[in-house]
>>> print(open('entry.cif').read())   # mmCIF, C-alpha atoms
data_final
loop_
_atom_site.label_atom_id
_atom_site.label_comp_id
_atom_site.auth_asym_id
_atom_site.auth_seq_id
_atom_site.Cartn_x
_atom_site.Cartn_y
_atom_site.Cartn_z
CA MET Z 1317 64.87 47.88 76.24
CA HIS Z 1318 64.11 51.48 77.13
CA LEU Z 1319 62.91 54.11 74.68
CA ALA Z 1320 65.82 56.42 73.95
CA ALA Z 1321 64.55 58.48 71.06
CA ARG Z 1322 61.19 57.90 69.41
CA THR Z 1323 58.93 55.29 67.83
CA LEU Z 1324 59.15 55.56 64.06
CA PRO Z 1325 56.38 54.77 61.53
CA TRP Z 1326 57.03 51.35 59.96
CA LYS Z 1327 58.38 51.34 56.43
CA ILE Z 1328 58.87 48.23 54.33
CA ALA Z 1329 62.55 47.54 54.95
CA TRP Z 1330 62.82 43.88 55.89
CA HIS Z 1331 66.08 42.57 57.29
CA PRO Z 1332 67.11 39.60 55.03
CA VAL Z 1333 68.13 37.42 57.96
CA PHE Z 1334 64.93 38.31 59.77
CA LEU Z 1335 62.90 37.26 56.76
CA CYS Z 1336 64.62 33.89 56.67
CA ALA Z 1337 64.23 33.23 60.37
CA ALA Z 1338 60.67 34.54 60.45
CA ARG Z 1339 59.70 32.28 57.55
CA PHE Z 1340 61.03 29.24 59.42
CA LEU Z 1341 59.40 30.40 62.62
CA LEU Z 1342 55.99 30.95 61.10
CA THR Z 1343 56.17 27.58 59.35
CA ILE Z 1344 56.74 25.75 62.62
CA LYS Z 1345 54.45 27.92 64.79
CA CYS Z 1346 51.53 27.41 62.43
CA SER Z 1347 52.11 23.60 62.62
CA ILE Z 1348 51.42 23.04 58.95
CA SER Z 1349 51.05 19.28 58.35
CA THR Z 1350 53.05 18.51 55.22
CA TYR Z 1351 55.82 16.34 53.90
CA SER Z 1352 59.40 17.27 54.46
CA ARG Z 1353 61.33 17.75 51.21
CA SER Z 1354 63.20 14.44 51.64
CA ASP Z 1355 59.94 12.55 52.44
CA LEU Z 1356 58.25 13.97 49.36
CA LEU Z 1357 61.12 13.13 47.05
CA THR Z 1358 61.20 9.56 48.42
CA ARG Z 1359 57.47 9.02 47.80
CA LEU Z 1360 57.65 10.52 44.31
CA GLU Z 1361 60.54 8.20 43.47
CA GLU Z 1362 58.44 5.20 44.64
CA ARG Z 1363 55.57 6.29 42.39
CA ARG Z 1364 57.95 6.55 39.40
CA LEU Z 1365 59.21 3.00 40.01
CA TYR Z 1366 55.65 1.63 40.25
CA SER Z 1367 54.83 3.35 36.96
CA GLU Z 1368 57.83 1.82 35.20
CA LEU Z 1369 56.76 -1.67 36.44
CA ASN Z 1370 53.21 -1.10 35.07
CA VAL Z 1371 51.76 -1.63 38.51
CA ASN Z 1372 48.14 -0.53 38.54
CA SER Z 1373 47.79 -0.18 42.27
CA LEU Z 1374 49.86 2.72 43.55
CA PRO Z 1375 50.41 3.31 47.23
CA GLU Z 1376 48.78 6.39 48.68
CA LEU Z 1377 50.93 9.17 49.99
CA ASP Z 1378 49.72 9.06 53.54
CA PRO Z 1379 50.45 12.15 55.65
CA PRO Z 1380 53.39 11.27 57.84
CA SER Z 1381 53.71 11.80 61.54
CA PRO Z 1382 56.37 14.29 62.67
CA SER Z 1383 59.42 13.14 60.78
CA ASP Z 1384 63.14 13.50 60.98
CA GLY Z 1385 62.83 16.14 58.26
CA SER Z 1386 60.54 18.28 60.43
CA ARG Z 1387 62.88 17.95 63.35
CA LEU Z 1388 65.75 18.88 61.06
CA SER Z 1389 63.90 22.01 59.93
CA GLU Z 1390 63.28 23.03 63.51
CA LYS Z 1391 66.91 22.43 64.40
CA MET Z 1392 67.96 24.47 61.39
CA LEU Z 1393 65.67 27.29 62.55
CA HIS Z 1394 67.30 27.37 65.98
CA THR Z 1395 70.75 27.28 64.40
CA ILE Z 1396 69.95 30.23 62.14
CA ILE Z 1397 68.45 32.22 64.99
CA ASP Z 1398 71.39 31.51 67.29
CA GLN Z 1399 73.86 32.56 64.62
CA LEU Z 1400 72.20 35.94 64.12
CA PRO Z 1401 74.52 38.75 65.25
CA ASP Z 1402 71.43 40.75 66.18
CA VAL Z 1403 69.09 40.16 69.11
CA PHE Z 1404 66.17 37.91 68.12
CA VAL Z 1405 63.30 37.19 70.49
CA LEU Z 1406 59.71 36.02 70.33
CA LYS Z 1407 57.44 37.27 73.11
CA ASP Z 1408 53.93 36.31 74.16
CA GLU Z 1409 50.96 38.61 74.66
CA ASN Z 1410 52.25 39.55 78.14
CA GLY Z 1411 55.72 40.45 76.95
CA ASN Z 1412 57.40 37.30 78.26
CA PHE Z 1413 60.03 35.37 76.29
CA LEU Z 1414 58.93 32.41 74.15
CA LEU Z 1415 62.08 32.11 72.06
CA CYS Z 1416 65.50 33.79 72.33
CA ASN Z 1417 68.80 33.51 70.52
CA GLN Z 1418 72.33 33.32 71.87
CA THR Z 1419 72.97 37.03 71.22
CA VAL Z 1420 70.35 38.23 73.70
CA ALA Z 1421 71.24 35.42 76.11
CA ARG Z 1422 74.87 36.58 76.20
CA LEU Z 1423 73.68 40.15 76.70
CA TYR Z 1424 71.66 39.05 79.74
CA GLY Z 1425 74.32 36.65 81.02
CA THR Z 1426 72.21 33.51 80.70
CA THR Z 1427 71.07 30.87 78.18
CA PRO Z 1428 68.19 30.95 75.67
CA GLU Z 1429 66.49 28.06 77.50
CA ALA Z 1430 66.63 29.88 80.85
CA MET Z 1431 64.90 32.94 79.38
CA VAL Z 1432 61.72 31.17 78.24
CA GLY Z 1433 58.69 32.25 80.27
CA LYS Z 1434 60.57 35.10 81.92
CA HIS Z 1435 60.80 38.82 81.46
CA ASP Z 1436 63.63 41.32 80.91
CA GLY Z 1437 63.44 42.39 84.53
CA ASP Z 1438 64.44 38.91 85.62
CA PHE Z 1439 67.92 39.42 84.14
CA GLY Z 1440 69.13 42.57 85.82
CA VAL Z 1441 67.44 45.08 83.52
CA PRO Z 1442 66.45 48.19 85.54
CA GLU Z 1443 62.79 48.24 86.48
CA GLU Z 1444 62.01 51.34 84.43
CA MET Z 1445 63.50 49.77 81.30
CA ALA Z 1446 61.81 46.40 81.89
CA ASP Z 1447 58.41 48.05 82.37
CA PHE Z 1448 58.88 49.99 79.17
CA PHE Z 1449 59.73 46.84 77.21
CA ARG Z 1450 56.55 45.13 78.39
CA GLN Z 1451 54.32 48.16 77.78
CA ASN Z 1452 55.84 48.90 74.38
CA VAL Z 1453 55.42 45.40 72.91
CA VAL Z 1454 51.89 45.08 74.32
CA GLU Z 1455 50.90 48.39 72.69
CA ILE Z 1456 52.46 47.39 69.35
CA MET Z 1457 50.63 44.04 69.43
CA GLN Z 1458 47.38 45.90 70.11
CA ARG Z 1459 48.00 48.25 67.19
CA GLY Z 1460 48.95 45.30 64.98
CA THR Z 1461 51.47 47.28 62.93
CA PRO Z 1462 55.25 46.71 62.79
CA GLU Z 1463 57.32 49.55 64.23
CA VAL Z 1464 60.96 50.58 64.53
CA VAL Z 1465 61.99 51.66 68.02
CA MET Z 1466 65.24 53.21 69.23
CA GLU Z 1467 65.80 51.89 72.76
CA ASP Z 1468 68.40 51.05 75.41
CA THR Z 1469 69.08 48.07 77.64
CA ARG Z 1470 71.69 47.02 80.18
CA ASP Z 1471 74.48 44.54 79.51
CA ALA Z 1472 74.33 42.13 82.47
CA ASN Z 1473 78.01 41.26 82.07
CA THR Z 1474 79.50 44.78 82.06
CA GLY Z 1475 76.69 46.92 83.43
CA GLN Z 1476 77.02 49.11 80.31
CA ILE Z 1477 73.94 50.64 78.74
CA ARG Z 1478 73.70 49.49 75.12
CA HIS Z 1479 71.70 51.23 72.38
CA PHE Z 1480 69.52 49.26 69.95
CA ARG Z 1481 67.45 49.83 66.85
CA SER Z 1482 64.61 47.33 67.19
CA ILE Z 1483 62.17 46.09 64.54
CA LYS Z 1484 59.05 44.88 66.34
CA THR Z 1485 56.59 42.83 64.28
CA PRO Z 1486 53.29 41.65 65.83
CA ILE Z 1487 51.96 38.22 64.72
CA LYS Z 1488 49.28 35.72 65.78
CA ASP Z 1489 49.87 32.16 66.96
CA PRO Z 1490 47.67 29.31 65.59
CA GLU Z 1491 45.15 29.96 68.37
CA GLY Z 1492 44.92 33.65 67.47
CA ARG Z 1493 46.87 34.93 70.49
CA ASN Z 1494 49.11 37.96 70.14
CA GLN Z 1495 52.83 37.42 69.83
CA ILE Z 1496 55.64 39.70 68.71
CA ILE Z 1497 58.98 39.15 67.00
CA VAL Z 1498 61.76 41.56 67.96
CA VAL Z 1499 64.96 41.88 65.92
CA ALA Z 1500 67.27 44.41 67.57
CA GLN Z 1501 70.51 45.68 66.08
CA ASP Z 1502 73.17 46.97 68.49
CA VAL Z 1503 73.94 50.54 67.38
CA THR Z 1504 75.92 51.53 70.47
CA ASP Z 1505 79.09 52.29 68.51
CA LEU Z 1506 77.11 54.40 66.04
CA VAL Z 1507 75.30 56.30 68.79
CA GLN Z 1508 78.55 56.93 70.66
CA SER Z 1509 80.19 58.14 67.45
CA GLN Z 1510 77.27 60.48 66.86
CA GLU Z 1511 77.56 61.74 70.42
CA ARG Z 1512 81.28 62.37 69.95
CA ILE Z 1513 80.61 64.20 66.70
CA ALA Z 1514 77.86 66.23 68.36
CA GLY Z 1515 80.23 67.03 71.22
CA SER Z 1516 82.92 68.13 68.78
CA GLU Z 1517 80.42 70.27 66.89
CA THR Z 1518 79.28 71.85 70.16
CA ARG Z 1519 82.86 72.64 71.16
CA LEU Z 1520 83.55 74.05 67.71
CA GLN Z 1521 80.38 76.15 67.89
CA ASN Z 1522 81.43 77.46 71.30
CA VAL Z 1523 84.81 78.46 69.90
CA LEU Z 1524 83.18 80.10 66.88
CA ASP Z 1525 80.81 81.99 69.18
CA ILE Z 1526 83.75 83.28 71.21
CA ILE Z 1527 85.77 84.39 68.20
CA LYS Z 1528 82.59 85.54 66.43
CA GLU Z 1529 83.17 83.51 63.26
CA GLY Z 1530 80.31 83.06 60.82
CA VAL Z 1531 80.73 79.78 58.91
CA TRP Z 1532 79.39 79.06 55.42
CA ASP Z 1533 79.29 75.92 53.28
CA TRP Z 1534 78.53 76.48 49.59
CA HIS Z 1535 77.37 73.71 47.23
CA LEU Z 1536 78.33 75.20 43.88
CA PRO Z 1537 76.14 73.16 41.47
CA SER Z 1538 72.93 74.04 43.33
CA GLY Z 1539 74.05 77.37 44.75
CA LYS Z 1540 72.76 76.36 48.19
CA LEU Z 1541 74.53 77.69 51.27
CA ILE Z 1542 74.59 76.35 54.82
CA HIS Z 1543 75.41 78.78 57.62
CA ASN Z 1544 76.02 78.48 61.34
CA ARG Z 1545 74.10 80.49 63.90
CA GLN Z 1546 76.81 83.13 64.22
CA TRP Z 1547 76.65 83.97 60.50
CA PHE Z 1548 73.02 85.00 60.81
CA GLN Z 1549 73.64 86.88 64.05
CA ILE Z 1550 76.45 88.94 62.53
CA LEU Z 1551 74.10 90.12 59.77
CA GLY Z 1552 71.13 90.53 62.13
CA LEU Z 1553 69.11 87.94 60.23
CA ASP Z 1554 66.53 85.40 61.38
CA ALA Z 1555 67.82 81.99 60.28
CA GLY Z 1556 64.30 80.64 59.85
CA ASN Z 1557 63.20 83.39 57.46
CA VAL Z 1558 66.19 83.59 55.14
CA GLU Z 1559 66.72 81.41 52.09
CA SER Z 1560 70.31 80.20 52.09
CA HIS Z 1561 71.43 80.65 48.50
CA ILE Z 1562 74.39 82.34 46.81
CA PHE Z 1563 72.04 84.96 45.33
CA LYS Z 1564 70.86 85.92 48.82
CA PHE Z 1565 74.49 86.29 49.86
CA MET Z 1566 75.10 88.58 46.88
CA GLU Z 1567 72.14 90.72 47.91
CA ARG Z 1568 73.89 91.39 51.23
CA LEU Z 1569 77.07 92.67 49.58
CA HIS Z 1570 77.54 96.44 49.52
CA PRO Z 1571 76.71 97.69 46.00
CA ASP Z 1572 80.16 99.24 45.63
CA ASP Z 1573 81.89 95.97 46.64
CA SER Z 1574 79.69 93.33 44.98
CA SER Z 1575 81.57 93.07 41.67
CA LEU Z 1576 84.93 93.08 43.46
CA VAL Z 1577 83.95 90.24 45.83
CA MET Z 1578 82.40 88.02 43.17
CA GLY Z 1579 85.44 88.62 40.96
CA ARG Z 1580 87.74 87.44 43.75
CA ILE Z 1581 85.64 84.32 44.26
CA GLN Z 1582 85.61 83.51 40.54
CA ALA Z 1583 89.36 84.06 40.26
CA PHE Z 1584 89.91 81.56 43.06
CA LEU Z 1585 87.55 79.00 41.50
CA ASP Z 1586 89.32 79.41 38.16
CA GLY Z 1587 92.68 78.79 39.80
CA LYS Z 1588 93.93 82.31 39.12
CA SER Z 1589 94.52 82.98 42.82
CA ALA Z 1590 95.85 80.72 45.57
CA SER Z 1591 93.02 81.46 47.99
CA TYR Z 1592 89.88 83.45 48.49
CA ASP Z 1593 90.52 86.21 51.01
CA SER Z 1594 88.51 89.40 50.97
CA GLU Z 1595 87.75 92.42 53.14
CA HIS Z 1596 84.56 94.06 52.01
CA ARG Z 1597 81.34 95.65 53.17
CA MET Z 1598 78.00 93.94 53.74
CA THR Z 1599 74.58 95.26 54.65
CA LYS Z 1600 72.81 94.03 57.78
CA ALA Z 1601 69.07 93.41 58.02
CA ASP Z 1602 68.53 96.88 59.54
CA GLY Z 1603 70.50 98.58 56.75
CA THR Z 1604 73.67 99.07 58.77
CA VAL Z 1605 76.85 98.65 56.75
CA ILE Z 1606 79.59 96.51 58.30
CA TRP Z 1607 83.04 95.42 57.23
CA VAL Z 1608 83.82 91.69 57.13
CA HIS Z 1609 86.94 89.61 56.57
CA ASP Z 1610 85.79 86.68 54.42
CA ARG Z 1611 87.94 83.69 53.36
CA GLY Z 1612 87.34 80.20 52.04
CA HIS Z 1613 88.77 77.09 50.40
CA ILE Z 1614 87.57 74.37 48.04
CA VAL Z 1615 86.95 71.16 50.00
CA GLU Z 1616 85.40 68.92 47.33
CA ARG Z 1617 85.81 68.46 43.58
CA ASP Z 1618 84.15 66.19 41.02
CA GLU Z 1619 85.98 63.48 39.08
CA ASP Z 1620 87.04 66.06 36.49
CA GLY Z 1621 88.52 68.36 39.12
CA ARG Z 1622 85.77 70.94 39.00
CA PRO Z 1623 84.90 72.55 42.39
CA LEU Z 1624 81.79 71.13 44.06
CA ARG Z 1625 81.96 72.58 47.58
CA MET Z 1626 83.60 75.61 49.08
CA VAL Z 1627 83.75 76.19 52.83
CA GLY Z 1628 84.80 79.32 54.65
CA SER Z 1629 84.08 81.83 57.38
CA PHE Z 1630 83.87 85.54 57.91
CA THR Z 1631 84.41 87.90 60.82
CA ASP Z 1632 82.90 91.29 61.56
CA ILE Z 1633 85.92 93.64 61.38
CA SER Z 1634 83.93 96.89 61.55
CA GLU Z 1635 85.52 97.85 64.87
CA ARG Z 1636 88.99 97.17 63.54
CA LYS Z 1637 88.22 99.21 60.44
CA GLU Z 1638 86.91 102.04 62.60
CA TRP Z 1639 90.07 102.10 64.71
CA ALA Z 1640 92.18 101.93 61.57
CA ALA Z 1641 90.27 104.91 60.18
CA ARG Z 1642 90.80 106.82 63.41
CA LEU Z 1643 94.52 106.06 63.38
CA GLU Z 1644 94.73 107.16 59.75
CA HIS Z 1645 92.90 110.36 60.61
CA THR Z 1646 95.27 110.97 63.53
CA ARG Z 1647 98.28 110.32 61.28
CA LEU Z 1648 97.03 112.74 58.67
CA GLU Z 1649 96.32 115.37 61.33
CA ALA Z 1650 99.84 114.92 62.75
CA GLU Z 1651 101.39 115.26 59.32
CA LYS Z 1652 99.32 118.38 58.71
CA ALA Z 1653 100.48 119.84 62.03
CA ASN Z 1654 104.10 119.12 61.14
CA ARG Z 1655 103.68 120.85 57.81
CA VAL Z 1656 102.14 123.92 59.49
CA LYS Z 1657 104.94 124.03 62.02
CA SER Z 1658 107.58 123.77 59.32
CA GLU Z 1659 105.92 126.51 57.32
CA PHE Z 1660 105.67 128.72 60.42
CA LEU Z 1661 109.32 128.20 61.33
CA ALA Z 1662 110.39 128.92 57.76
CA THR Z 1663 108.38 132.12 57.75
CA MET Z 1664 109.59 133.24 61.14
CA SER Z 1665 113.18 132.45 60.19
CA HIS Z 1666 112.85 134.67 57.15
CA GLU Z 1667 111.17 137.48 59.08
CA ILE Z 1668 113.83 137.43 61.78
CA ARG Z 1669 116.81 136.95 59.46
CA THR Z 1670 116.10 140.13 57.39
CA PRO Z 1671 116.41 142.74 60.22
CA MET Z 1672 119.18 140.76 61.85
CA ASN Z 1673 121.28 141.03 58.69
CA GLY Z 1674 120.98 144.82 58.98
CA VAL Z 1675 121.98 144.73 62.63
CA ILE Z 1676 125.01 142.55 61.89
CA GLY Z 1677 126.03 144.84 58.97
CA MET Z 1678 125.85 147.98 61.11
CA THR Z 1679 127.86 146.20 63.82
CA ASP Z 1680 130.67 145.60 61.34
CA VAL Z 1681 130.56 149.28 60.33
CA LEU Z 1682 130.75 150.46 63.94
CA LEU Z 1683 133.65 148.15 64.68
CA ASP Z 1684 135.63 150.03 62.01
CA THR Z 1685 135.19 153.35 63.92
CA LYS Z 1686 137.09 154.71 66.91
CA LEU Z 1687 135.69 152.98 70.00
CA ASP Z 1688 136.76 152.66 73.59
CA PRO Z 1689 137.46 149.13 74.85
CA GLU Z 1690 134.06 148.65 76.48
CA GLN Z 1691 132.11 149.70 73.35
CA ARG Z 1692 134.22 147.40 71.15
CA LYS Z 1693 133.53 144.51 73.53
CA TYR Z 1694 129.74 144.99 73.25
CA LEU Z 1695 129.77 145.20 69.46
CA GLU Z 1696 131.91 142.08 69.11
CA THR Z 1697 129.44 140.21 71.32
CA ILE Z 1698 126.57 141.22 68.99
CA ARG Z 1699 128.53 140.21 65.90
CA ASP Z 1700 129.53 136.78 67.25
CA SER Z 1701 126.11 135.85 68.62
#
>>> encode(input="entry.cif", output="structure tokens")
Amino acid sequence: MHLAARTLPWKIAWHPVFLCAARFLLTIKCSISTYSRSDLLTRLEERRLYSELNVNSLPELDPPSPSDGSRLSEKMLHTIIDQLPDVFVLKDENGNFLLCNQTVARLYGTTPEAMVGKHDGDFGVPEEMADFFRQNVVEIMQRGTPEVVMEDTRDANTGQIRHFRSIKTPIKDPEGRNQIIVVAQDVTDLVQSQERIAGSETRLQNVLDIIKEGVWDWHLPSGKLIHNRQWFQILGLDAGNVESHIFKFMERLHPDDSSLVMGRIQAFLDGKSASYDSEHRMTKADGTVIWVHDRGHIVERDEDGRPLRMVGSFTDISERKEWAARLEHTRLEAEKANRVKSEFLATMSHEIRTPMNGVIGMTDVLLDTKLDPEQRKYLETIRDS
């Protein structure tokens, strides 16, 4: 298996099945000469019978030779190991297989018996991976401390690279030689799920970067806030030097808008409004005031229905606000110009109408006098204009 992430410090977190198998393994490997449970019960029963018959001479419990019970224990060990869903192997001081279960044999497309005395590289594992396996177990045996290793290997049947979380425990055989037990859990599905999630988060972050959305996640009981990178960039803040807390958010609100914004948030949390949606001003790190469009929703409640988490996002709308202000200014200027024009026309109409009334009146007077045809024609033209 090839190192995919890092070697972790060992913590006491024994796998229950590993403990069972390891206990059997150590019992057999240490070759402890003792009675099997059935042998011991049989001999004790014999001693009880002798006692009841008042027989003074009791037979000694001679140590037996390898019995059916011992062979049964060893068979049980192999059965347990073979039934493990996780990879289970025992390797010698050179990193070669001493004992393997069916899980790893299926992974390598062979049998447990065929793996004994061989190495990972003998079963289609790429050379780089095989060399790592050997070097890693040798180093762990030298250090003498169990370790957890995230590593990869190749499925001989499909050619697929599988991901494993391996617990590697160094031990000594009866002669004091280094050996190592490896229990490896296949976490391929988990790793692939994490990769898909990471890919989705990356795509989402790319979208948020394009649309310039700053995302926030507020844990109400603690007041802690989590922000994405864009949130800090919008406010000109260094993510590593800013404590993410609701009070720090409040400090960034414009003094004239702070009460309004917090009132809108509280109204939403109290159920007095259908949503939180606010346009307000905030202060950047350099003191610049910007306008933002902030909105959010409750995404988690406790068993009593009280809000626990609120998630939302905000956008810098300063440019939109600036254009809106310009348009408003232009509208007001246009309305002012229209008023001036109307006032001018009204004034001019009055100034022109006054002398014209005199002209029209005198025309009527002249038309009542004796005129030749040409003069009458001119005066009628003036009157009818």
>>> atom_distance(input="entry.cif", atom1="CA of Asp1533 in chain Z", atom2="CA of Glu1619 in chain Z")
20.0 Å
>>> resolve_selection(input="entry.cif", expression="the PyMOL selection byres ((chain Z and resi 1421) around 12)", output="NGL selection string")
:Z and (1397-1398 or 1401-1405 or 1413 or 1415-1420 or 1422-1432 or 1436 or 1439 or 1471-1473)
>>> atom_distance(input="entry.cif", atom1="CA of Val1507 in chain Z", atom2="CA of Pro1442 in chain Z")
20.6 Å
>>> atom_distance(input="entry.cif", atom1="CA of Leu1414 in chain Z", atom2="CA of Gly1433 in chain Z")
6.1 Å
>>> resolve_selection(input="entry.cif", expression="the PyMOL selection byres ((chain Z and resi 1626) around 12)", output="MDAnalysis selection string")
chainID Z and resid 1531:1537 1539:1542 1562 1581:1582 1584:1585 1591:1592 1611:1617 1622:1625 1627:1629
>>> closest_residue(input="entry.cif", among="Z:Thr1631, Z:Ser1560, Z:Ser1509, Z:Ser1594", to="Gln1546 in chain Z", atoms="all atoms listed in the file")
Z:Thr1631
>>> residues_around(input="entry.cif", residues="range 1475-1481 of chain Z", least_positions_apart="3", cutoff="6 Å", atoms="only C-alpha atoms", output="ChimeraX atom specification")
/Z:1465-1472,1500-1504
>>> closest_residue(input="entry.cif", among="Z:Asn1412, Z:Asn1673, Z:Thr1685, Z:Gln1451", to="Lys1434 in chain Z", atoms="all atoms listed in the file")
Z:Asn1412
>>> resolve_selection(input="entry.cif", expression="the PyMOL selection byres ((chain Z and resi 1599) around 12)", output="PDB file with C-alpha atoms, in the coordinates of the input")
ATOM      1  CA  ILE Z1550      76.450  88.940  62.530  1.00  0.00           C
ATOM      2  CA  LEU Z1551      74.100  90.120  59.770  1.00  0.00           C
ATOM      3  CA  GLY Z1552      71.130  90.530  62.130  1.00  0.00           C
ATOM      4  CA  LEU Z1553      69.110  87.940  60.230  1.00  0.00           C
ATOM      5  CA  LYS Z1564      70.860  85.920  48.820  1.00  0.00           C
ATOM      6  CA  PHE Z1565      74.490  86.290  49.860  1.00  0.00           C
ATOM      7  CA  MET Z1566      75.100  88.580  46.880  1.00  0.00           C
ATOM      8  CA  GLU Z1567      72.140  90.720  47.910  1.00  0.00           C
ATOM      9  CA  ARG Z1568      73.890  91.390  51.230  1.00  0.00           C
ATOM     10  CA  LEU Z1569      77.070  92.670  49.580  1.00  0.00           C
ATOM     11  CA  HIS Z1570      77.540  96.440  49.520  1.00  0.00           C
ATOM     12  CA  PRO Z1571      76.710  97.690  46.000  1.00  0.00           C
ATOM     13  CA  ASP Z1572      80.160  99.240  45.630  1.00  0.00           C
ATOM     14  CA  ASP Z1573      81.890  95.970  46.640  1.00  0.00           C
ATOM     15  CA  SER Z1574      79.690  93.330  44.980  1.00  0.00           C
ATOM     16  CA  HIS Z1596      84.560  94.060  52.010  1.00  0.00           C
ATOM     17  CA  ARG Z1597      81.340  95.650  53.170  1.00  0.00           C
ATOM     18  CA  MET Z1598      78.000  93.940  53.740  1.00  0.00           C
ATOM     19  CA  LYS Z1600      72.810  94.030  57.780  1.00  0.00           C
ATOM     20  CA  ALA Z1601      69.070  93.410  58.020  1.00  0.00           C
ATOM     21  CA  ASP Z1602      68.530  96.880  59.540  1.00  0.00           C
ATOM     22  CA  GLY Z1603      70.500  98.580  56.750  1.00  0.00           C
ATOM     23  CA  THR Z1604      73.670  99.070  58.770  1.00  0.00           C
ATOM     24  CA  VAL Z1605      76.850  98.650  56.750  1.00  0.00           C
ATOM     25  CA  ILE Z1606      79.590  96.510  58.300  1.00  0.00           C
ATOM     26  CA  TRP Z1607      83.040  95.420  57.230  1.00  0.00           C
ATOM     27  CA  VAL Z1608      83.820  91.690  57.130  1.00  0.00           C
ATOM     28  CA  ASP Z1632      82.900  91.290  61.560  1.00  0.00           C
ATOM     29  CA  SER Z1634      83.930  96.890  61.550  1.00  0.00           C
TER      30      SER Z1634
END
